[in-house]
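K.L.:
Input file: upload_37.txt. Contents: compact mmCIF, C-alpha atoms.
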```txt
# COMPACT_ATOMS: atom_id res chain seq x y z
CA MET N 14 1.48 -4.38 -7.48
CA LEU N 15 5.21 -3.92 -7.44
CA PRO N 16 6.75 -2.24 -4.40
CA ASN N 17 9.84 -0.05 -4.57
CA LEU N 18 11.79 1.00 -1.50
CA GLU N 19 11.12 4.71 -1.02
CA LYS N 20 13.49 6.80 1.05
CA ILE N 21 11.72 9.65 2.86
CA GLU N 22 13.50 12.78 4.00
CA ALA N 23 11.97 14.64 6.94
CA ASN N 24 11.15 18.29 6.35
CA LEU N 25 14.17 20.44 7.14
CA ASN N 26 12.44 22.17 10.07
CA HIS N 27 10.47 19.16 11.33
CA SER N 28 11.17 15.66 12.61
CA PHE N 29 8.66 13.98 10.32
CA HIS N 30 7.16 14.52 6.89
CA ILE N 31 3.82 16.19 6.05
CA ASN N 32 2.73 16.92 2.51
CA HIS N 33 -0.35 18.38 0.83
CA MET N 34 -0.23 17.02 -2.70
CA LYS N 35 -2.22 18.23 -5.71
CA VAL N 36 -1.54 16.43 -9.00
CA ASP N 37 -3.41 15.41 -12.12
CA TYR N 38 -2.99 11.74 -11.20
CA TYR N 39 -1.36 9.97 -8.28
CA PRO N 40 1.95 8.40 -9.30
CA SER N 41 1.10 4.83 -10.32
CA LEU N 42 4.01 3.12 -8.57
CA ARG N 43 3.75 0.54 -5.82
CA HIS N 44 6.23 1.25 -3.02
CA PHE N 45 7.04 0.70 0.64
CA HIS N 46 9.07 2.53 3.28
CA PRO N 47 10.00 2.10 6.96
CA GLU N 48 7.80 5.04 7.98
CA VAL N 49 4.18 4.81 9.14
CA GLU N 50 1.85 6.61 6.72
CA ILE N 51 -1.52 8.27 7.37
CA LEU N 52 -3.20 9.50 4.18
CA LEU N 53 -6.40 11.45 3.58
CA ILE N 54 -7.91 11.63 0.08
CA VAL N 55 -9.25 15.15 -0.44
CA GLN N 56 -10.07 14.82 -4.13
CA GLY N 57 -9.87 12.02 -6.67
CA THR N 58 -11.10 8.48 -7.26
CA GLY N 59 -9.43 5.25 -8.27
CA LEU N 60 -8.09 2.02 -6.79
CA ARG N 61 -6.16 1.67 -3.54
CA TYR N 62 -3.68 -1.21 -3.18
CA VAL N 63 -2.46 -2.09 0.33
CA GLY N 64 -0.72 -5.44 0.66
CA ASP N 65 -3.10 -7.89 -0.99
CA SER N 66 -6.10 -5.54 -0.62
CA VAL N 67 -7.59 -3.89 -3.72
CA GLU N 68 -10.42 -1.39 -3.08
CA PRO N 69 -11.82 1.71 -4.75
CA TYR N 70 -11.19 5.04 -3.03
CA THR N 71 -13.19 8.27 -3.08
CA PRO N 72 -12.81 11.68 -1.38
CA GLY N 73 -12.69 11.25 2.39
CA ASP N 74 -10.90 7.91 2.25
CA LEU N 75 -8.52 7.86 5.25
CA VAL N 76 -6.06 5.05 5.90
CA MET N 77 -3.09 4.27 8.12
CA ILE N 78 -0.36 2.00 6.77
CA GLY N 79 2.37 0.43 8.89
CA PRO N 80 6.10 0.21 8.14
CA ASN N 81 7.25 -1.69 5.04
CA VAL N 82 3.75 -2.46 3.77
CA SER N 83 3.53 -2.10 -0.02
CA HIS N 84 0.85 0.32 -1.22
CA GLU N 85 -0.30 2.39 -4.15
CA TRP N 86 -3.10 4.76 -5.15
CA CYS N 87 -3.95 4.33 -8.82
CA SER N 88 -5.99 7.26 -10.15
CA ASP N 89 -9.02 6.76 -12.36
CA ARG N 90 -7.74 8.12 -15.67
CA THR N 91 -11.12 7.85 -17.37
CA ARG N 92 -12.29 11.06 -15.68
CA GLU N 93 -11.43 14.24 -17.54
CA ASN N 94 -10.27 17.45 -15.85
CA SER N 95 -10.02 15.69 -12.48
CA ILE N 96 -7.59 16.64 -9.72
CA SER N 97 -6.03 14.20 -7.27
CA GLU N 98 -5.43 15.83 -3.89
CA ALA N 99 -4.24 14.26 -0.65
CA ILE N 100 -2.75 15.16 2.73
CA TYR N 101 -0.37 12.61 4.19
CA ILE N 102 1.90 12.17 7.19
CA LEU N 103 5.01 10.00 7.24
CA PHE N 104 6.81 9.35 10.51
CA ASN N 105 9.35 6.89 11.79
CA THR N 106 8.64 5.44 15.23
CA GLN N 107 12.35 5.67 16.02
CA ILE N 108 12.16 9.46 16.33
CA MET N 109 10.39 8.98 19.68
CA GLY N 110 12.99 6.57 21.07
CA ASN N 111 12.48 3.21 22.77
CA GLU N 112 11.89 4.75 26.21
CA PHE N 113 8.89 6.65 24.89
CA TRP N 114 7.21 3.47 23.63
CA ASN N 115 7.84 1.77 26.99
CA LEU N 116 5.67 4.36 28.74
CA THR N 117 2.31 3.03 29.93
CA GLU N 118 0.51 5.86 28.12
CA SER N 119 2.25 5.07 24.82
CA LYS N 120 1.65 1.33 24.64
CA ILE N 121 -1.85 1.59 23.17
CA ILE N 122 -0.50 3.84 20.42
CA LEU N 123 2.31 1.38 19.72
CA LYS N 124 -0.31 -1.37 19.46
CA ILE N 125 -2.29 0.46 16.77
CA ILE N 126 0.94 1.10 14.85
CA GLN N 127 1.64 -2.63 14.95
CA GLN N 128 -1.92 -3.39 13.82
CA SER N 129 -1.52 -0.98 10.91
CA GLY N 130 0.86 -3.54 9.45
CA ARG N 131 -2.30 -4.86 7.78
CA GLY N 132 -3.36 -1.38 6.72
CA ILE N 133 -6.45 0.09 8.36
CA ARG N 134 -9.23 2.27 6.93
CA LEU N 135 -10.82 4.67 9.41
CA THR N 136 -14.59 4.73 9.72
CA GLY N 137 -17.39 6.50 11.60
CA ARG N 138 -16.82 9.48 13.86
CA THR N 139 -13.11 8.64 14.17
CA ARG N 140 -12.67 9.20 10.44
CA ASP N 141 -14.41 12.59 10.70
CA GLU N 142 -12.32 13.69 13.69
CA VAL N 143 -9.03 12.56 12.19
CA GLU N 144 -9.85 14.28 8.89
CA TYR N 145 -10.28 17.54 10.82
CA MET N 146 -6.96 16.99 12.61
CA MET N 147 -5.19 16.15 9.34
CA LYS N 148 -6.24 19.49 7.90
CA ARG N 149 -5.02 21.24 11.07
CA ILE N 150 -1.64 19.52 11.10
CA ASP N 151 -1.14 20.47 7.43
CA THR N 152 -1.05 24.17 8.38
CA SER N 153 0.67 23.86 11.76
CA TYR N 154 4.30 24.49 12.69
CA GLY N 155 6.76 23.69 15.43
CA PHE N 156 6.00 21.49 18.42
CA SER N 157 2.24 21.66 17.74
CA ARG N 158 2.80 19.22 14.88
CA ILE N 159 4.03 16.60 17.32
CA THR N 160 1.10 17.11 19.68
CA LEU N 161 -1.35 16.93 16.77
CA LEU N 162 0.26 13.71 15.51
CA MET N 163 0.00 12.14 18.96
CA THR N 164 -3.64 13.27 19.17
CA ILE N 165 -4.40 11.64 15.81
CA LEU N 166 -2.76 8.37 16.86
CA GLU N 167 -4.55 8.43 20.21
CA MET N 168 -7.92 8.96 18.49
CA ILE N 169 -7.36 5.98 16.22
CA ALA N 170 -6.10 3.75 19.04
CA PHE N 171 -8.78 4.53 21.62
CA ASN N 172 -11.87 4.82 19.41
CA GLY N 173 -11.22 1.62 17.45
CA GLU N 174 -13.39 2.63 14.48
CA TYR N 175 -11.46 1.09 11.62
CA GLN N 176 -11.40 -1.86 9.27
CA TYR N 177 -8.42 -3.99 8.32
CA LEU N 178 -7.46 -3.91 4.66
CA ALA N 179 -4.94 -6.67 4.02
CA THR N 180 -4.69 -10.22 5.29
CA PRO N 181 -2.38 -10.75 8.29
CA VAL N 182 1.34 -10.64 7.54
CA ILE N 183 4.43 -11.44 9.58
CA GLN N 184 6.02 -8.22 10.79
CA ASN N 185 9.59 -8.36 9.53
CA ILE N 186 12.19 -5.64 9.67
CA VAL N 187 13.25 -4.86 6.10
CA ASN N 188 16.67 -3.25 6.14
CA GLU N 189 18.16 -1.23 3.31
CA HIS N 190 20.08 -4.19 1.87
CA ASP N 191 16.90 -6.26 1.86
CA GLY N 192 15.09 -3.39 0.18
CA GLU N 193 17.66 -3.20 -2.62
CA ARG N 194 17.54 -6.97 -3.14
CA LEU N 195 13.73 -7.01 -3.15
CA ASN N 196 13.65 -4.06 -5.53
CA LYS N 197 15.77 -5.97 -8.04
CA VAL N 198 13.29 -8.83 -7.94
CA TYR N 199 10.28 -6.48 -8.13
CA LYS N 200 11.78 -4.58 -11.07
CA TYR N 201 12.48 -7.85 -12.85
CA VAL N 202 8.85 -8.90 -12.40
CA LEU N 203 7.62 -5.45 -13.45
CA ASP N 204 9.61 -5.61 -16.66
CA ASN N 205 8.74 -9.21 -17.49
CA PHE N 206 5.39 -10.19 -15.93
CA GLN N 207 3.80 -10.47 -19.39
CA GLN N 208 6.25 -13.25 -20.22
CA GLU N 209 7.18 -16.55 -18.61
CA ILE N 210 9.03 -16.05 -15.31
CA SER N 211 10.66 -18.94 -13.50
CA LEU N 212 11.77 -19.34 -9.88
CA GLU N 213 15.29 -19.94 -11.15
CA SER N 214 15.43 -16.61 -12.96
CA ALA N 215 14.05 -14.70 -9.96
CA ALA N 216 16.51 -16.43 -7.62
CA SER N 217 19.36 -15.48 -9.96
CA ILE N 218 18.29 -11.81 -9.80
CA ALA N 219 18.46 -12.00 -5.99
CA SER N 220 21.85 -13.79 -6.13
CA LEU N 221 20.45 -16.73 -4.17
CA SER N 222 19.95 -20.41 -4.84
CA LYS N 223 16.40 -21.48 -5.69
CA SER N 224 15.74 -23.00 -2.26
CA ALA N 225 17.33 -20.06 -0.38
CA PHE N 226 15.34 -17.60 -2.48
CA CYS N 227 12.05 -19.37 -1.71
CA ARG N 228 12.76 -19.22 2.04
CA TYR N 229 13.94 -15.62 1.86
CA PHE N 230 10.95 -14.39 -0.12
CA LYS N 231 8.42 -16.23 2.05
CA LYS N 232 10.00 -14.87 5.23
CA ARG N 233 9.99 -11.28 3.97
CA SER N 234 6.50 -11.25 2.45
CA ASN N 235 4.63 -14.13 4.10
CA LYS N 236 3.77 -15.44 0.65
CA THR N 237 5.47 -17.53 -2.00
CA PHE N 238 7.08 -15.93 -5.03
CA VAL N 239 4.52 -17.65 -7.26
CA ARG N 240 1.71 -16.10 -5.25
CA PHE N 241 3.38 -12.70 -5.53
CA LEU N 242 3.80 -13.08 -9.29
CA ASN N 243 0.12 -13.96 -9.61
CA GLU N 244 -0.81 -10.91 -7.52
CA VAL N 245 1.23 -8.71 -9.86
CA ARG N 246 -0.45 -10.14 -12.93
CA ILE N 247 -3.93 -10.05 -11.40
CA GLY N 248 -3.36 -6.47 -10.19
CA ASN N 249 -2.65 -5.42 -13.75
CA ALA N 250 -5.67 -7.40 -14.94
CA CYS N 251 -7.83 -5.49 -12.43
CA ARG N 252 -6.76 -2.17 -13.89
CA MET N 253 -7.42 -3.35 -17.43
CA LEU N 254 -10.86 -4.70 -16.51
CA ILE N 255 -11.84 -1.32 -15.08
CA ASN N 256 -10.15 1.05 -17.52
CA GLU N 257 -10.12 -0.86 -20.81
CA ASN N 258 -12.74 -2.59 -22.91
CA ARG N 259 -10.71 -5.71 -23.70
CA SER N 260 -12.07 -9.25 -23.62
CA ILE N 261 -11.25 -11.55 -20.70
CA ALA N 262 -9.14 -13.75 -22.96
CA GLU N 263 -7.14 -10.79 -24.26
CA ILE N 264 -6.47 -9.53 -20.73
CA CYS N 265 -5.47 -13.05 -19.69
CA TYR N 266 -2.77 -13.33 -22.36
CA THR N 267 -1.63 -9.71 -21.97
CA CYS N 268 -0.98 -10.29 -18.26
CA GLY N 269 1.28 -13.28 -18.82
CA TYR N 270 -1.13 -16.23 -18.64
CA ASN N 271 -1.54 -18.78 -21.42
CA ASN N 272 -4.59 -20.54 -19.99
CA THR N 273 -7.86 -18.70 -19.33
CA SER N 274 -9.15 -21.30 -16.85
CA TYR N 275 -6.01 -20.94 -14.72
CA PHE N 276 -6.24 -17.15 -15.01
CA ILE N 277 -9.85 -17.15 -13.77
CA ARG N 278 -8.96 -19.45 -10.83
CA GLN N 279 -6.09 -17.19 -9.79
CA PHE N 280 -8.24 -14.09 -10.21
CA ARG N 281 -10.93 -15.52 -7.96
CA SER N 282 -8.35 -16.67 -5.40
CA ILE N 283 -6.83 -13.19 -5.10
CA THR N 284 -9.85 -10.88 -5.50
CA GLY N 285 -12.78 -13.09 -4.52
CA PHE N 286 -14.44 -12.37 -7.87
CA THR N 287 -14.43 -13.75 -11.38
CA PRO N 288 -13.02 -11.28 -13.94
CA LEU N 289 -16.53 -10.57 -15.25
CA GLY N 290 -17.85 -10.17 -11.71
CA TYR N 291 -15.04 -7.77 -10.86
CA ARG N 292 -15.70 -5.67 -13.97
CA LYS N 293 -19.41 -5.53 -13.17
CA LYS N 294 -18.74 -4.55 -9.53
CA PHE N 295 -16.79 -1.44 -10.52
CA ALA N 296 -19.06 -0.63 -13.44
CA ASP N 297 -21.96 -0.57 -10.96
```
Go through the file and emit its structure as structure tokens.
P.N.:
Amino acid sequence: MLPNLEKIEANLNHSFHINHMKVDYYPSLRHFHPEVEILLIVQGTGLRYVGDSVEPYTPGDLVMIGPNVSHEWCSDRTRENSISEAIYILFNTQIMGNEFWNLTESKIILKIIQQSGRGIRLTGRTRDEVEYMMKRIDTSYGFSRITLLMTILEMIAFNGEYQYLATPVIQNIVNEHDGERLNKVYKYVLDNFQQEISLESAASIASLSKSAFCRYFKKRSNKTFVRFLNEVRIGNACRMLINENRSIAEICYTCGYNNTSYFIRQFRSITGFTPLGYRKKFAD
């Protein structure tokens, strides 16, 4: 559950990015970017991480993720000869300009973009209609791409058939310098989460005092660093519970905990399940 700042280049002949991806497995790397993302799963199964949400995904899963929200699709590697296929759109709201978003007709679309800061999963007829439009926009060119994108956003905004994924977060603007600083901290946690990690060491990576680092991290993520570290460890525990046949105690120690009772409390706090309950849920 470790985000990296991802820089997206628009297609050379278009103002925003559209990709139809076919791979053996989705890249297992948590990331974030300033663009809004709309992603349709065509083929593949696994776990979807959006903010503090962890849910399984299957073909037809369609989500919209707001700017600077960390996310990841982790493919199920237990399935042989499987293909992971997705169509996704990435666009920056700045390409429209501030005057566009001040239009009366645009405000409802801006509102759904703001709400997607929690990540939203489309449901019902809206999901079906947007899936159809996603497949159309994948093969379209020129100005029709813009009109199709606006149609997709209007469908989501007006129909209101969606579910929030993550808990509410404070919408902060993460600039490039912030992204580089956060990435240093995330990489440090990624490389060391199986070992003891202190606030002092994390603050040193960010070149901040301990108190300044705590304020900075809480402001940028709406959670404490300790909470984030636990989410990282529990996220890795979730994968191991689903994909590996290790004991709870072994997973506990592998993920950086030295007390199984504390591990189980943190697991329940973050996922709503005990480790055994979580394993059973996905086995079922």
K.L.:
Considering all atoms listed in the file, return as a list in words whatever protein or nucleic-acid residues lie within 12 Å of Thr164 in chain N, sequence-local ones (same chain, fewer than 2 positions apart) excluded.
P.N.:
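These residues fall inside the cut-off: Ser119, Ile122, Thr139, Glu142, Val143, Tyr145, Met146, Met147, Arg149, Ile150, Ser157, Arg158, Ile159, Thr160, Leu161, Leu162, Leu166, Glu167, Met168, Ile169, Ala170, Phe171 and Asn172 of chain N.
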K.L.:
Using Å and a single decimal, report how far CA of Thr267 in chain N sits from CA of Gln207 in chain N.
P.N.:
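One can read the CA of Gln207 in chain N to CA of Thr267 in chain N distance as 6.1 Å.
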K.L.:
Pick out the closest residue to Ser282 in chain N from this set: N:Asn243, N:Gln127, N:Asn249, N:Thr237. Count only C-alpha atoms.
P.N.:
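Ranking N:Asn243, N:Gln127, N:Asn249, N:Thr237 by distance to Ser282 in chain N, first place goes to N:Asn243.
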K.L.:
Which distance in Å separates CA of Phe241 in chain N and CA of Arg131 in chain N, to one decimal?
P.N.:
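Distance between the two atoms: 16.5 Å.
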K.L.:
Compile the contact shell of Val67 in chain N as a tab-separated table (two decimals) with C-alpha atoms, in the coordinates of the input: residues with an atom at most 10 Å away, counting all atoms listed in the file, same-chain residues fewer than 4 positions apart removed.
P.N.:
```tsv
chain	number	residue	atom	x	y	z
N	14	MET	CA	1.48	-4.38	-7.48
N	60	LEU	CA	-8.09	2.02	-6.79
N	61	ARG	CA	-6.16	1.67	-3.54
N	62	TYR	CA	-3.68	-1.21	-3.18
N	63	VAL	CA	-2.46	-2.09	0.33
N	84	HIS	CA	0.85	0.32	-1.22
N	85	GLU	CA	-0.30	2.39	-4.15
N	86	TRP	CA	-3.10	4.76	-5.15
N	178	LEU	CA	-7.46	-3.91	4.66
N	179	ALA	CA	-4.94	-6.67	4.02
N	248	GLY	CA	-3.36	-6.47	-10.19
N	251	CYS	CA	-7.83	-5.49	-12.43
N	283	ILE	CA	-6.83	-13.19	-5.10
N	284	THR	CA	-9.85	-10.88	-5.50
```
